Amino acid sequence: MGLPERSDESSRQSDGERPGRRLFLSRALGTTAGLVVVAAAGAVTGGVTSAYAAPVSGQGPTRQQGQRNWRFCNKCFGMFYYGYPQNGVCPAGGAHYMAGYDFDIPYNVGETPNAQANWRFCDRCYGMFFFGYPSGGWCPVGGSHHAAGFNFVLPHEVVETPNAQAYWRFCTNCYGLFFWGYPSKGRCPAGNEHNAAGFNFVIPHW
Ligand SMILES: [Zn+2]
Ligand SMILES: [Zn+2]
Ligand SMILES: [Zn+2]
């Protein structure tokens with residue numbers, strides 16, 4: 001399996017796919033403030049709120065105030081915490097398997113138009129998931145993800161840099177964070193592949 005570096009995947013998909021993918025940037029996850037605005041516009045669909053994404057900022061995210069040891073799993077394409085002796089539970093079977101960058105994810109900082117809070121560690125599967133809805137999504141262990149630890153705040157709609165990787169997305173089925181830089185969208189605990197929606201997250205790494 002390949003690493004999640006963009007330099008690897010960019011050659012694996014057609015140039016024509018990029019503009020289409022950009023259209024997804026006009027959709028955004030519903031934050032508390034976003035729900036109000038979007039509900040008024042009548043744009044709530046399928047339980048996942050759509051909103052206009054913030055414009056791309058000219059500055060990439062920094063690596064300050066983050067937690068390291070977050071890694072890409074090359075089996076399910078999800079983001080998981082690699083700081084324990086065990087590597088959690090992968091929806092593709094067995095434990096997650098790390099590859100690629102050592103991500104350094106900001107936490108306990110303010111939410112901004114270019115950074116979304118309520119991303120959490122699941123202490124059952126070790127994955128990162130969005131806990132901004134009443135449900136905790138779908139955990140590969142069974143039932144919903146269970147939040148523990150820090151409140152992570154993920155940069156989005158900012159430029160990709162040598163120390164920050166784009167194309168990390170929210171999955172509408174499992175609520176997990178996964179990398180959509182490959183033609184495949186990995187393995188979702190809810191079945192089949194993940195399904196991307198919302199922001200284009202740009203995750204700092206070493
Ligand atoms: Zn996995
Ligand atoms: Zn979980
Ligand atoms: Zn999923």
# chains A, B, ... in the order shown; residues from 1 in each chain; ligands from 1
>>> select_by_dssp(residues="range 37-158 of chain A", states="strand (DSSP E or B)", output="PDB file with N, CA and C atoms, in the first residue's frame")
ATOM      1  N   VAL A  44     -30.669  21.877   4.775  1.00  0.00           N
ATOM      2  CA  VAL A  44     -30.342  20.685   5.550  1.00  0.00           C
ATOM      3  C   VAL A  44     -30.804  19.447   4.777  1.00  0.00           C
ATOM      4  N   THR A  45     -29.870  18.548   4.533  1.00  0.00           N
ATOM      5  CA  THR A  45     -30.200  17.356   3.759  1.00  0.00           C
ATOM      6  C   THR A  45     -29.667  16.122   4.450  1.00  0.00           C
ATOM      7  N   VAL A  48     -27.194  15.682   7.472  1.00  0.00           N
ATOM      8  CA  VAL A  48     -25.895  16.345   7.423  1.00  0.00           C
ATOM      9  C   VAL A  48     -26.096  17.737   6.849  1.00  0.00           C
ATOM     10  N   THR A  49     -25.683  18.708   7.603  1.00  0.00           N
ATOM     11  CA  THR A  49     -25.948  20.082   7.221  1.00  0.00           C
ATOM     12  C   THR A  49     -24.945  20.585   6.199  1.00  0.00           C
ATOM     13  N   SER A  57      -7.591  30.138   2.897  1.00  0.00           N
ATOM     14  CA  SER A  57      -6.671  31.107   3.464  1.00  0.00           C
ATOM     15  C   SER A  57      -5.304  30.962   2.821  1.00  0.00           C
ATOM     16  N   GLY A  66      -0.119  21.014  19.222  1.00  0.00           N
ATOM     17  CA  GLY A  66      -0.783  19.807  18.765  1.00  0.00           C
ATOM     18  C   GLY A  66      -0.349  18.553  19.514  1.00  0.00           C
ATOM     19  N   GLN A  67      -1.080  17.467  19.243  1.00  0.00           N
ATOM     20  CA  GLN A  67      -0.698  16.142  19.726  1.00  0.00           C
ATOM     21  C   GLN A  67      -0.153  15.341  18.540  1.00  0.00           C
ATOM     22  N   ARG A  68       1.032  14.799  18.722  1.00  0.00           N
ATOM     23  CA  ARG A  68       1.638  13.987  17.673  1.00  0.00           C
ATOM     24  C   ARG A  68       1.178  12.534  17.775  1.00  0.00           C
ATOM     25  N   ASN A  69       1.724  11.709  16.900  1.00  0.00           N
ATOM     26  CA  ASN A  69       1.429  10.266  16.850  1.00  0.00           C
ATOM     27  C   ASN A  69       0.078   9.937  16.248  1.00  0.00           C
ATOM     28  N   TRP A  70      -0.518  10.871  15.542  1.00  0.00           N
ATOM     29  CA  TRP A  70      -1.711  10.544  14.756  1.00  0.00           C
ATOM     30  C   TRP A  70      -1.230  10.099  13.384  1.00  0.00           C
ATOM     31  N   ARG A  71      -1.750   8.976  12.917  1.00  0.00           N
ATOM     32  CA  ARG A  71      -1.248   8.389  11.679  1.00  0.00           C
ATOM     33  C   ARG A  71      -2.363   7.974  10.729  1.00  0.00           C
ATOM     34  N   PHE A  72      -1.992   7.878   9.460  1.00  0.00           N
ATOM     35  CA  PHE A  72      -2.852   7.327   8.413  1.00  0.00           C
ATOM     36  C   PHE A  72      -2.826   5.803   8.531  1.00  0.00           C
ATOM     37  N   CYS A  73      -3.992   5.156   8.447  1.00  0.00           N
ATOM     38  CA  CYS A  73      -4.060   3.691   8.392  1.00  0.00           C
ATOM     39  C   CYS A  73      -4.177   3.282   6.924  1.00  0.00           C
ATOM     40  N   GLY A  78      -8.328   5.655   7.435  1.00  0.00           N
ATOM     41  CA  GLY A  78      -8.709   6.558   8.513  1.00  0.00           C
ATOM     42  C   GLY A  78      -7.495   7.116   9.247  1.00  0.00           C
ATOM     43  N   MET A  79      -7.750   8.141  10.074  1.00  0.00           N
ATOM     44  CA  MET A  79      -6.742   8.719  10.965  1.00  0.00           C
ATOM     45  C   MET A  79      -6.893   8.041  12.328  1.00  0.00           C
ATOM     46  N   PHE A  80      -5.788   7.513  12.865  1.00  0.00           N
ATOM     47  CA  PHE A  80      -5.879   6.865  14.182  1.00  0.00           C
ATOM     48  C   PHE A  80      -4.681   7.247  15.034  1.00  0.00           C
ATOM     49  N   TYR A  81      -4.821   7.040  16.351  1.00  0.00           N
ATOM     50  CA  TYR A  81      -3.770   7.404  17.294  1.00  0.00           C
ATOM     51  C   TYR A  81      -2.824   6.233  17.503  1.00  0.00           C
ATOM     52  N   MET A  98      -0.193   1.744  10.633  1.00  0.00           N
ATOM     53  CA  MET A  98       0.222   3.105  10.328  1.00  0.00           C
ATOM     54  C   MET A  98       1.157   3.175   9.124  1.00  0.00           C
ATOM     55  N   ALA A  99       1.043   4.287   8.409  1.00  0.00           N
ATOM     56  CA  ALA A  99       1.926   4.576   7.287  1.00  0.00           C
ATOM     57  C   ALA A  99       1.991   6.082   7.103  1.00  0.00           C
ATOM     58  N   GLY A 100       3.052   6.557   6.539  1.00  0.00           N
ATOM     59  CA  GLY A 100       3.133   7.967   6.175  1.00  0.00           C
ATOM     60  C   GLY A 100       3.509   8.886   7.315  1.00  0.00           C
ATOM     61  N   TYR A 101       2.970  10.065   7.260  1.00  0.00           N
ATOM     62  CA  TYR A 101       3.373  11.159   8.137  1.00  0.00           C
ATOM     63  C   TYR A 101       3.014  10.941   9.606  1.00  0.00           C
ATOM     64  N   ASP A 102       3.774  11.663  10.445  1.00  0.00           N
ATOM     65  CA  ASP A 102       3.466  11.773  11.875  1.00  0.00           C
ATOM     66  C   ASP A 102       2.667  13.071  12.029  1.00  0.00           C
ATOM     67  N   PHE A 103       1.349  12.948  12.090  1.00  0.00           N
ATOM     68  CA  PHE A 103       0.490  14.131  12.161  1.00  0.00           C
ATOM     69  C   PHE A 103       0.508  14.735  13.564  1.00  0.00           C
ATOM     70  N   ASP A 104       0.401  16.042  13.581  1.00  0.00           N
ATOM     71  CA  ASP A 104       0.503  16.843  14.808  1.00  0.00           C
ATOM     72  C   ASP A 104      -0.759  17.708  14.836  1.00  0.00           C
ATOM     73  N   ILE A 105      -1.761  17.278  15.594  1.00  0.00           N
ATOM     74  CA  ILE A 105      -3.100  17.843  15.445  1.00  0.00           C
ATOM     75  C   ILE A 105      -3.438  18.820  16.576  1.00  0.00           C
ATOM     76  N   PRO A 106      -3.803  20.043  16.217  1.00  0.00           N
ATOM     77  CA  PRO A 106      -4.104  21.070  17.230  1.00  0.00           C
ATOM     78  C   PRO A 106      -5.295  20.663  18.103  1.00  0.00           C
ATOM     79  N   TYR A 107      -5.253  21.079  19.364  1.00  0.00           N
ATOM     80  CA  TYR A 107      -6.366  20.790  20.273  1.00  0.00           C
ATOM     81  C   TYR A 107      -6.497  21.922  21.283  1.00  0.00           C
ATOM     82  N   THR A 112     -12.285  28.615  14.412  1.00  0.00           N
ATOM     83  CA  THR A 112     -12.253  29.796  13.553  1.00  0.00           C
ATOM     84  C   THR A 112     -12.959  29.456  12.241  1.00  0.00           C
ATOM     85  N   ALA A 115     -11.015  26.555  10.959  1.00  0.00           N
ATOM     86  CA  ALA A 115     -10.632  25.459  11.862  1.00  0.00           C
ATOM     87  C   ALA A 115     -11.880  24.993  12.605  1.00  0.00           C
ATOM     88  N   GLN A 116     -12.183  23.694  12.513  1.00  0.00           N
ATOM     89  CA  GLN A 116     -13.391  23.129  13.110  1.00  0.00           C
ATOM     90  C   GLN A 116     -13.062  22.309  14.357  1.00  0.00           C
ATOM     91  N   ALA A 117     -13.771  22.594  15.442  1.00  0.00           N
ATOM     92  CA  ALA A 117     -13.588  21.875  16.711  1.00  0.00           C
ATOM     93  C   ALA A 117     -14.480  20.641  16.753  1.00  0.00           C
ATOM     94  N   ASN A 118     -14.488  19.970  17.879  1.00  0.00           N
ATOM     95  CA  ASN A 118     -15.317  18.787  18.153  1.00  0.00           C
ATOM     96  C   ASN A 118     -14.841  17.528  17.437  1.00  0.00           C
ATOM     97  N   TRP A 119     -13.587  17.487  17.075  1.00  0.00           N
ATOM     98  CA  TRP A 119     -12.993  16.238  16.582  1.00  0.00           C
ATOM     99  C   TRP A 119     -12.355  15.533  17.763  1.00  0.00           C
ATOM    100  N   ARG A 120     -12.658  14.249  17.934  1.00  0.00           N
ATOM    101  CA  ARG A 120     -12.252  13.546  19.152  1.00  0.00           C
ATOM    102  C   ARG A 120     -11.602  12.192  18.864  1.00  0.00           C
ATOM    103  N   PHE A 121     -10.856  11.748  19.852  1.00  0.00           N
ATOM    104  CA  PHE A 121     -10.290  10.400  19.856  1.00  0.00           C
ATOM    105  C   PHE A 121     -11.352   9.428  20.351  1.00  0.00           C
ATOM    106  N   CYS A 122     -11.503   8.290  19.671  1.00  0.00           N
ATOM    107  CA  CYS A 122     -12.393   7.228  20.153  1.00  0.00           C
ATOM    108  C   CYS A 122     -11.537   6.211  20.901  1.00  0.00           C
ATOM    109  N   GLY A 127      -9.697   5.629  16.488  1.00  0.00           N
ATOM    110  CA  GLY A 127      -9.839   6.533  15.360  1.00  0.00           C
ATOM    111  C   GLY A 127     -10.200   7.938  15.806  1.00  0.00           C
ATOM    112  N   MET A 128     -10.076   8.912  14.874  1.00  0.00           N
ATOM    113  CA  MET A 128     -10.545  10.276  15.117  1.00  0.00           C
ATOM    114  C   MET A 128     -11.898  10.444  14.446  1.00  0.00           C
ATOM    115  N   PHE A 129     -12.854  11.028  15.191  1.00  0.00           N
ATOM    116  CA  PHE A 129     -14.194  11.191  14.623  1.00  0.00           C
ATOM    117  C   PHE A 129     -14.781  12.522  15.054  1.00  0.00           C
ATOM    118  N   PHE A 130     -15.804  12.982  14.310  1.00  0.00           N
ATOM    119  CA  PHE A 130     -16.466  14.255  14.597  1.00  0.00           C
ATOM    120  C   PHE A 130     -17.606  14.028  15.578  1.00  0.00           C
ATOM    121  N   ALA A 147     -16.057   9.235  22.728  1.00  0.00           N
ATOM    122  CA  ALA A 147     -15.075  10.316  22.804  1.00  0.00           C
ATOM    123  C   ALA A 147     -14.283  10.284  24.102  1.00  0.00           C
ATOM    124  N   ALA A 148     -12.993  10.567  23.973  1.00  0.00           N
ATOM    125  CA  ALA A 148     -12.117  10.687  25.139  1.00  0.00           C
ATOM    126  C   ALA A 148     -11.019  11.682  24.800  1.00  0.00           C
ATOM    127  N   GLY A 149     -10.462  12.277  25.847  1.00  0.00           N
ATOM    128  CA  GLY A 149      -9.291  13.128  25.654  1.00  0.00           C
ATOM    129  C   GLY A 149      -9.588  14.501  25.092  1.00  0.00           C
ATOM    130  N   PHE A 150      -8.647  14.991  24.311  1.00  0.00           N
ATOM    131  CA  PHE A 150      -8.659  16.365  23.843  1.00  0.00           C
ATOM    132  C   PHE A 150      -9.792  16.676  22.868  1.00  0.00           C
ATOM    133  N   ASN A 151     -10.107  17.971  22.786  1.00  0.00           N
ATOM    134  CA  ASN A 151     -11.024  18.486  21.772  1.00  0.00           C
ATOM    135  C   ASN A 151     -10.152  19.018  20.623  1.00  0.00           C
ATOM    136  N   PHE A 152     -10.019  18.238  19.567  1.00  0.00           N
ATOM    137  CA  PHE A 152      -9.160  18.621  18.459  1.00  0.00           C
ATOM    138  C   PHE A 152      -9.856  19.626  17.548  1.00  0.00           C
ATOM    139  N   VAL A 153      -9.047  20.519  16.989  1.00  0.00           N
ATOM    140  CA  VAL A 153      -9.545  21.598  16.124  1.00  0.00           C
ATOM    141  C   VAL A 153      -8.777  21.503  14.797  1.00  0.00           C
ATOM    142  N   LEU A 154      -9.494  21.075  13.755  1.00  0.00           N
ATOM    143  CA  LEU A 154      -8.824  20.753  12.491  1.00  0.00           C
ATOM    144  C   LEU A 154      -8.855  21.909  11.496  1.00  0.00           C
ATOM    145  N   PRO A 155      -7.679  22.344  11.009  1.00  0.00           N
ATOM    146  CA  PRO A 155      -7.624  23.389   9.982  1.00  0.00           C
ATOM    147  C   PRO A 155      -8.272  22.913   8.686  1.00  0.00           C
ATOM    148  N   HIS A 156      -8.958  23.819   8.004  1.00  0.00           N
ATOM    149  CA  HIS A 156      -9.560  23.470   6.722  1.00  0.00           C
ATOM    150  C   HIS A 156      -9.632  24.699   5.829  1.00  0.00           C
ATOM    151  N   VAL A 158      -7.434  25.872   3.937  1.00  0.00           N
ATOM    152  CA  VAL A 158      -6.171  26.612   3.966  1.00  0.00           C
ATOM    153  C   VAL A 158      -5.237  25.915   2.981  1.00  0.00           C
TER     154      VAL A 158
END
>>> residues_near_ligand(ligand="ligand 1", cutoff="7 Å", atoms="only C-alpha atoms and all ligand atoms", output="PyMOL selection string")
chain A and resi 73-78+89-92+95-97
>>> residues_near_ligand(ligand="ligand 3", cutoff="7 Å", atoms="only C-alpha atoms and all ligand atoms", output="MDAnalysis selection string")
chainID A and resid 171:176 187:190 193:195
>>> residues_near_ligand(ligand="ligand 2", cutoff="7 Å", atoms="only C-alpha atoms and all ligand atoms", output="list in words")
Cys122, Asp123, Arg124, Cys125, Tyr126, Gly127, Trp138, Cys139, Pro140, Val141, Ser144, His145 and His146 of chain A
>>> atom_distance(atom1="CA of Leu177 in chain A", atom2="CA of Phe201 in chain A")
9.1 Å
